Amino acid sequence: MEELVKAEQAMPVHTSKPTKLSRNLQYIKKNYILYLLIAPAVILTIIFKYIPIYGATIAFKDFSPIRGITGSEWVGFKHFTSFLSSPNFMEILMNTIKLSSFELLIGFPIPIILALMLNQLRKSSVKKNIQLALYAPHFISVVVVSGMVFLFLSPVGPINAMLSTFLDKPISFMSDPDYFRTIYIWSGVWQGAGWASIVYVAALANVDPQLHEAATLDGASLLQRIWHIDLPTLKPVMAVLFILAAGGIMGIGFEKAYLLQTPMNSPSSEIIATYVYKRGLLAGDYSFATAVGLFNAVVNVILLGVVNQVVKKLNEGEGLV
Amino acid sequence: MNNQIKHPKGDRILLLTNNILLTIIVLVIVGPLMYVFLSSFLEPNAIIRKGLSLHASDWSLEGYKRLFTDDTIVRGFFNSLLYSTAFTIVTVVVCLFAGYTLSVEGLVGKKVFMIFFLFTMFFGGGLIPTYFVIRDLGMLNTIWAIILPGAVNVWFIILARTYFKAVPNELKEAARIDGASDLKIFFRIILPLSKPIIFVLALYAFIGQWNAYFDAMIYLDSRELHPLQLVLRSILIQNEVQPGMVADVEARNELMRISEMIRYSSIVIASLPLLIMYPFFQKYFEKGVMVGSLK
């Protein structure tokens, strides 16, 4: 192969060298099948991902259904300033940030701890069965999990029945803003932590057992071995997953928040995603809601970049991009 | 040689604590599921009120009977089956094709394609502009609104590409020398070798669609078209028991009692199929997670 290339280079150039463009065109012509295969994905992405980005320009316009996206009048940052100065801006922003950063702080380390705990089990059949049980909630839909939360925490539900010995009256968990975040985060841990531990369990399975044996012979305790052998093994995986999770802080899922939201707990459950849905699709305030969504998306991209840089610094130059 | 290394005393205590904690965790995970399952066959709160001293009269199938007097849940079930199957086929085909092209060495424009797809993972136009596109295409209240917008899954494309890259180049070269076209190589050589990745993607796609409700909620107004998760949402979250299920009930207390039972049994009906099946597919799921983590 190399010789061929050398021979080609050594050949005297008689005609003008084919330009890069014409060479590429020739390649595409010859391999057009490859481009046909990728075409459906490209077309669908243009229609459902890139055209909406163009459509997001209505955030800078006063959208009128009659005039359409192109015909509506430009108003600059009017909708952004009206969101930023609206009385509930701070509440919604803080709700979004709090909900997702607490979720990250609690939800990120738990699968790692779980994997380290599972890794101590010597009998692989026991380990397998426990893992199987831990994965189960992942296969239940978010609607069902939220439904279970409502059933369990209702004033006449089992949790209140158990607490009734200590309390004179039942707690209305779902209508109290103080409980929303706790419920949201821990039901998420219940559903997702086991599944999220898979990657870490698999990474730990690659640790050479001789490392542990040698360390034990040298008198290292279990905790020391976890700290000096297991955790360093997990570090690269942790870095990538942390960047992705932290970058998603502003993109916190709409699905469960909307399900667990009640009119009574909205002081803490109203986040940007649910607000956009209600103001936009339910109330028809299209331009304003698009502006709010765009604000969210931009903050999200910035956050991802910052987190990536920070993790890169901490992780000896290894980041996501 | 004595291979058995004796652990220090501190470690043994730690390991014991570990085992106890894991037992508690398993109970916390499985407990609620068992509670829902048992409760679906019982009068409301029977477990809490009576503990283990359950009486024969506490058992009841009324929740299930009521659930099926109305065809909403059955219709939802079949709608979900249709949407999930169609979505799975479309998304797997589209992503496999794209993944194959991107796996080819020396593809002109590879970088452009990758940036083109990856960009959409981090930035988008948002809910309302997407809604407009789907509305303007006339896809509201059609199955297309469920299938097409999410069909391109960048994560799937990367998984497929990683898998195809691992197929030995000699195989492709040998076929090419024999005069096979790219298309032939893909269908005759690559695809038959790719059953595991196809299976993994299909499982992910099917389960994801089966458990989703958001797209259906915003794009499908007509109740006839609602998938199972939306039916469940009205029963579980919005407390709307379908009128057909309780047509004969008038007393308020009785209505509450029955709707409670319907809720438990609807959870079981909706979740049991996947919970029974996933242990058989466990190794494939794990494989999918692992291929993905290799980048």
# chains A, B, ... in the order shown; residues from 1 in each chain; ligands from 1
>>> interface_residues(of="chain A", to="chain B", cutoff="7 Å", atoms="only C-alpha atoms", output="PyMOL selection string")
chain A and resi 24+33-34+37-38+40-41+44-45+48-49+52-53+55-56+117+130+132-134+136+139-141+143-144+147+158+161+190+198-199+221-222+255+259+280+286+290+293-294+297+301
>>> closest_residue(among="A:Val307, A:Met162, A:Ile185, A:Ile66", to="A:Ser146", atoms="only C-alpha atoms")
A:Ile185
>>> residues_around(residues="A:Pro65", least_positions_apart="3", cutoff="12 Å", atoms="only C-alpha atoms", output="list in words")
Ile58, Lys61, Asp62, Gly68, Ile69, Thr70, Gly71, Ser72, Glu73, Gly284, Asp285, Tyr286 and Ser287 of chain A; Phe132 and Asp136 of chain B
>>> residues_around(residues="A:Ala215", least_positions_apart="6", cutoff="12 Å", atoms="only C-alpha atoms", output="list in words")
Asp208, Pro209, Ser221, Leu222, Leu223, Gln224, Arg225, Ile226, Trp227, His228, Ile229 and Asp230 of chain A; Ile5 and His7 of chain B
>>> write_last_selection(atoms="N, CA and C atoms", output="compact mmCIF listing (two decimals), in the first residue's frame")
# COMPACT_ATOMS: atom_id res chain seq x y z
N ASP A 208 -7.58 -6.44 37.16
CA ASP A 208 -6.81 -7.67 37.34
C ASP A 208 -6.86 -8.12 38.81
N PRO A 209 -7.41 -9.31 39.07
CA PRO A 209 -7.52 -9.75 40.47
C PRO A 209 -6.17 -9.82 41.18
N SER A 221 -5.97 -2.64 53.48
CA SER A 221 -7.32 -2.99 53.90
C SER A 221 -8.26 -2.89 52.70
N LEU A 222 -9.48 -3.37 52.89
CA LEU A 222 -10.47 -3.34 51.81
C LEU A 222 -10.70 -1.91 51.31
N LEU A 223 -10.87 -0.99 52.27
CA LEU A 223 -11.13 0.39 51.87
C LEU A 223 -9.96 0.98 51.09
N GLN A 224 -8.75 0.63 51.53
CA GLN A 224 -7.57 1.13 50.81
C GLN A 224 -7.53 0.58 49.38
N ARG A 225 -7.91 -0.70 49.26
CA ARG A 225 -7.88 -1.29 47.92
C ARG A 225 -8.94 -0.65 47.02
N ILE A 226 -10.12 -0.39 47.59
CA ILE A 226 -11.16 0.27 46.80
C ILE A 226 -10.67 1.64 46.35
N TRP A 227 -10.05 2.35 47.30
CA TRP A 227 -9.62 3.72 47.02
C TRP A 227 -8.49 3.77 45.99
N HIS A 228 -7.52 2.83 46.11
CA HIS A 228 -6.34 2.91 45.26
C HIS A 228 -6.40 2.04 44.01
N ILE A 229 -7.29 1.06 43.99
CA ILE A 229 -7.35 0.19 42.81
C ILE A 229 -8.67 0.38 42.05
N ASP A 230 -9.80 0.22 42.75
CA ASP A 230 -11.10 0.25 42.07
C ASP A 230 -11.44 1.65 41.54
N ILE B 5 -6.37 -16.00 50.83
CA ILE B 5 -5.80 -14.91 51.61
C ILE B 5 -6.76 -14.58 52.74
N HIS B 7 -8.58 -12.35 55.22
CA HIS B 7 -8.86 -10.93 55.31
C HIS B 7 -8.72 -10.45 56.73
>>> closest_residue(among="A:Ala202, A:Ala291, A:Met90, A:Ile159", to="B:Lys283", atoms="only C-alpha atoms")
A:Ala202
>>> select_by_dssp(residues="stretch 157-190 of chain B", states="alpha helix (DSSP H)", output="JSON, numbers by chain")
{"B": [157, 158, 159, 160, 161, 162, 163, 164, 165, 169, 170, 171, 172, 173, 174, 175, 176, 177, 182, 183, 184]}
>>> residues_around(residues="stretch 60-75 of chain B", least_positions_apart="3", cutoff="7 Å", atoms="only C-alpha atoms", output="list in words")
Ser40, Phe41, Leu42, Glu43, Phe78, Asn79, Leu228, Val231, Gly244, Met245, Ile258, Met261, Ile262 and Ser265 of chain B
>>> atom_distance(atom1="atom CA of A:Tyr258", atom2="atom CA of A:Pro111")
25.1 Å
>>> residues_around(residues="A:Phe108", least_positions_apart="5", cutoff="9 Å", atoms="only C-alpha atoms", output="JSON list (two decimals) with C-alpha atoms, in the first residue's frame")
[["chain", "number", "residue", "atom", "x", "y", "z"],
["A", 103, "GLU", "CA", -30.41, 15.09, 41.14],
["A", 193, "ALA", "CA", -29.52, 3.64, 40.01],
["A", 196, "ALA", "CA", -26.83, 3.06, 35.78],
["A", 238, "MET", "CA", -16.89, 8.64, 35.59],
["A", 241, "LEU", "CA", -20.63, 10.27, 32.31],
["A", 242, "PHE", "CA", -20.23, 13.29, 34.58],
["A", 245, "ALA", "CA", -24.88, 14.47, 33.11]]
>>> select_by_dssp(residues="stretch 23-242 of chain A", states="strand (DSSP E)", output="PyMOL selection string")
chain A and resi 61-62+73-74
>>> residues_around(residues="A:Val201", least_positions_apart="3", cutoff="8 Å", atoms="only C-alpha atoms", output="PyMOL selection string")
chain A and resi 115-116+118-119+197-198+204-205
>>> decode(residues="stretch 160-207 of chain A", atoms="N, CA and C atoms", output="compact mmCIF listing (two decimals), in the first residue's frame")
# COMPACT_ATOMS: atom_id res chain seq x y z
N ASN A 160 -48.51 6.81 54.45
CA ASN A 160 -49.18 7.53 55.54
C ASN A 160 -49.77 6.57 56.56
N ALA A 161 -50.22 5.39 56.09
CA ALA A 161 -50.75 4.41 57.04
C ALA A 161 -49.65 3.97 58.01
N MET A 162 -48.42 3.81 57.46
CA MET A 162 -47.31 3.41 58.33
C MET A 162 -46.92 4.52 59.29
N LEU A 163 -47.02 5.77 58.79
CA LEU A 163 -46.62 6.90 59.63
C LEU A 163 -47.69 7.26 60.65
N SER A 164 -48.89 6.70 60.48
CA SER A 164 -50.02 7.16 61.30
C SER A 164 -49.79 6.94 62.79
N THR A 165 -48.90 5.99 63.14
CA THR A 165 -48.63 5.78 64.56
C THR A 165 -47.91 6.97 65.19
N PHE A 166 -47.13 7.70 64.33
CA PHE A 166 -46.36 8.83 64.86
C PHE A 166 -47.04 10.17 64.64
N LEU A 167 -47.96 10.23 63.69
CA LEU A 167 -48.55 11.52 63.33
C LEU A 167 -50.04 11.52 63.61
N ASP A 168 -50.59 12.71 63.93
CA ASP A 168 -52.03 12.76 64.18
C ASP A 168 -52.78 12.90 62.87
N LYS A 169 -52.17 13.56 61.88
CA LYS A 169 -52.90 13.63 60.61
C LYS A 169 -51.96 13.32 59.44
N PRO A 170 -52.51 12.75 58.35
CA PRO A 170 -51.67 12.34 57.22
C PRO A 170 -50.97 13.52 56.56
N ILE A 171 -49.79 13.24 55.99
CA ILE A 171 -49.06 14.27 55.25
C ILE A 171 -49.52 14.25 53.79
N SER A 172 -49.82 15.44 53.24
CA SER A 172 -50.18 15.50 51.82
C SER A 172 -48.90 15.73 51.03
N PHE A 173 -48.15 14.66 50.81
CA PHE A 173 -46.84 14.78 50.17
C PHE A 173 -46.92 15.49 48.81
N MET A 174 -47.93 15.09 48.02
CA MET A 174 -47.94 15.56 46.63
C MET A 174 -48.44 16.99 46.50
N SER A 175 -49.01 17.55 47.53
CA SER A 175 -49.46 18.93 47.39
C SER A 175 -48.60 19.88 48.23
N ASP A 176 -47.48 19.38 48.70
CA ASP A 176 -46.60 20.23 49.50
C ASP A 176 -45.31 20.49 48.70
N PRO A 177 -45.05 21.76 48.34
CA PRO A 177 -43.87 22.06 47.52
C PRO A 177 -42.56 21.58 48.18
N ASP A 178 -42.55 21.50 49.51
CA ASP A 178 -41.32 21.12 50.20
C ASP A 178 -40.88 19.69 49.89
N TYR A 179 -41.83 18.85 49.52
CA TYR A 179 -41.49 17.44 49.31
C TYR A 179 -41.15 17.12 47.85
N PHE A 180 -41.50 18.05 46.94
CA PHE A 180 -41.42 17.69 45.52
C PHE A 180 -40.05 17.19 45.10
N ARG A 181 -39.01 17.98 45.41
CA ARG A 181 -37.67 17.60 44.94
C ARG A 181 -37.22 16.26 45.51
N THR A 182 -37.47 16.07 46.80
CA THR A 182 -37.09 14.79 47.42
C THR A 182 -37.77 13.62 46.72
N ILE A 183 -39.07 13.79 46.47
CA ILE A 183 -39.83 12.72 45.81
C ILE A 183 -39.29 12.46 44.41
N TYR A 184 -39.08 13.55 43.68
CA TYR A 184 -38.60 13.44 42.31
C TYR A 184 -37.24 12.72 42.26
N ILE A 185 -36.33 13.16 43.11
CA ILE A 185 -34.97 12.63 43.05
C ILE A 185 -34.90 11.18 43.52
N TRP A 186 -35.55 10.88 44.64
CA TRP A 186 -35.42 9.52 45.17
C TRP A 186 -36.22 8.50 44.38
N SER A 187 -37.34 8.93 43.78
CA SER A 187 -38.02 7.97 42.92
C SER A 187 -37.16 7.71 41.68
N GLY A 188 -36.40 8.72 41.28
CA GLY A 188 -35.47 8.54 40.17
C GLY A 188 -34.34 7.60 40.53
N VAL A 189 -33.82 7.75 41.74
CA VAL A 189 -32.76 6.84 42.20
C VAL A 189 -33.30 5.41 42.25
N TRP A 190 -34.51 5.28 42.78
CA TRP A 190 -35.13 3.95 42.86
C TRP A 190 -35.21 3.33 41.48
N GLN A 191 -35.62 4.15 40.49
CA GLN A 191 -35.80 3.59 39.16
C GLN A 191 -34.50 3.39 38.40
N GLY A 192 -33.55 4.29 38.57
CA GLY A 192 -32.42 4.29 37.64
C GLY A 192 -31.06 3.85 38.16
N ALA A 193 -30.87 3.86 39.49
CA ALA A 193 -29.52 3.64 40.01
C ALA A 193 -28.98 2.25 39.64
N GLY A 194 -29.81 1.24 39.75
CA GLY A 194 -29.35 -0.11 39.44
C GLY A 194 -28.89 -0.23 38.00
N TRP A 195 -29.69 0.30 37.12
CA TRP A 195 -29.36 0.23 35.70
C TRP A 195 -28.09 1.03 35.40
N ALA A 196 -27.98 2.20 36.03
CA ALA A 196 -26.83 3.06 35.78
C ALA A 196 -25.53 2.43 36.29
N SER A 197 -25.65 1.46 37.19
CA SER A 197 -24.43 0.86 37.75
C SER A 197 -23.79 -0.14 36.78
N ILE A 198 -24.52 -0.54 35.73
CA ILE A 198 -24.00 -1.56 34.80
C ILE A 198 -22.61 -1.21 34.29
N VAL A 199 -22.47 0.02 33.80
CA VAL A 199 -21.20 0.42 33.19
C VAL A 199 -20.06 0.28 34.19
N TYR A 200 -20.33 0.70 35.42
CA TYR A 200 -19.28 0.64 36.43
C TYR A 200 -18.96 -0.80 36.83
N VAL A 201 -20.00 -1.61 36.96
CA VAL A 201 -19.78 -3.03 37.30
C VAL A 201 -18.89 -3.68 36.23
N ALA A 202 -19.21 -3.37 34.96
CA ALA A 202 -18.44 -3.97 33.87
C ALA A 202 -16.99 -3.49 33.90
N ALA A 203 -16.80 -2.20 34.19
CA ALA A 203 -15.43 -1.68 34.24
C ALA A 203 -14.65 -2.34 35.37
N LEU A 204 -15.32 -2.57 36.50
CA LEU A 204 -14.63 -3.19 37.64
C LEU A 204 -14.28 -4.64 37.34
N ALA A 205 -15.08 -5.28 36.49
CA ALA A 205 -14.80 -6.68 36.16
C ALA A 205 -13.48 -6.81 35.41
N ASN A 206 -13.02 -5.69 34.83
CA ASN A 206 -11.77 -5.75 34.07
C ASN A 206 -10.52 -5.57 34.94
N VAL A 207 -10.72 -5.28 36.23
CA VAL A 207 -9.57 -5.10 37.11
C VAL A 207 -8.87 -6.45 37.30
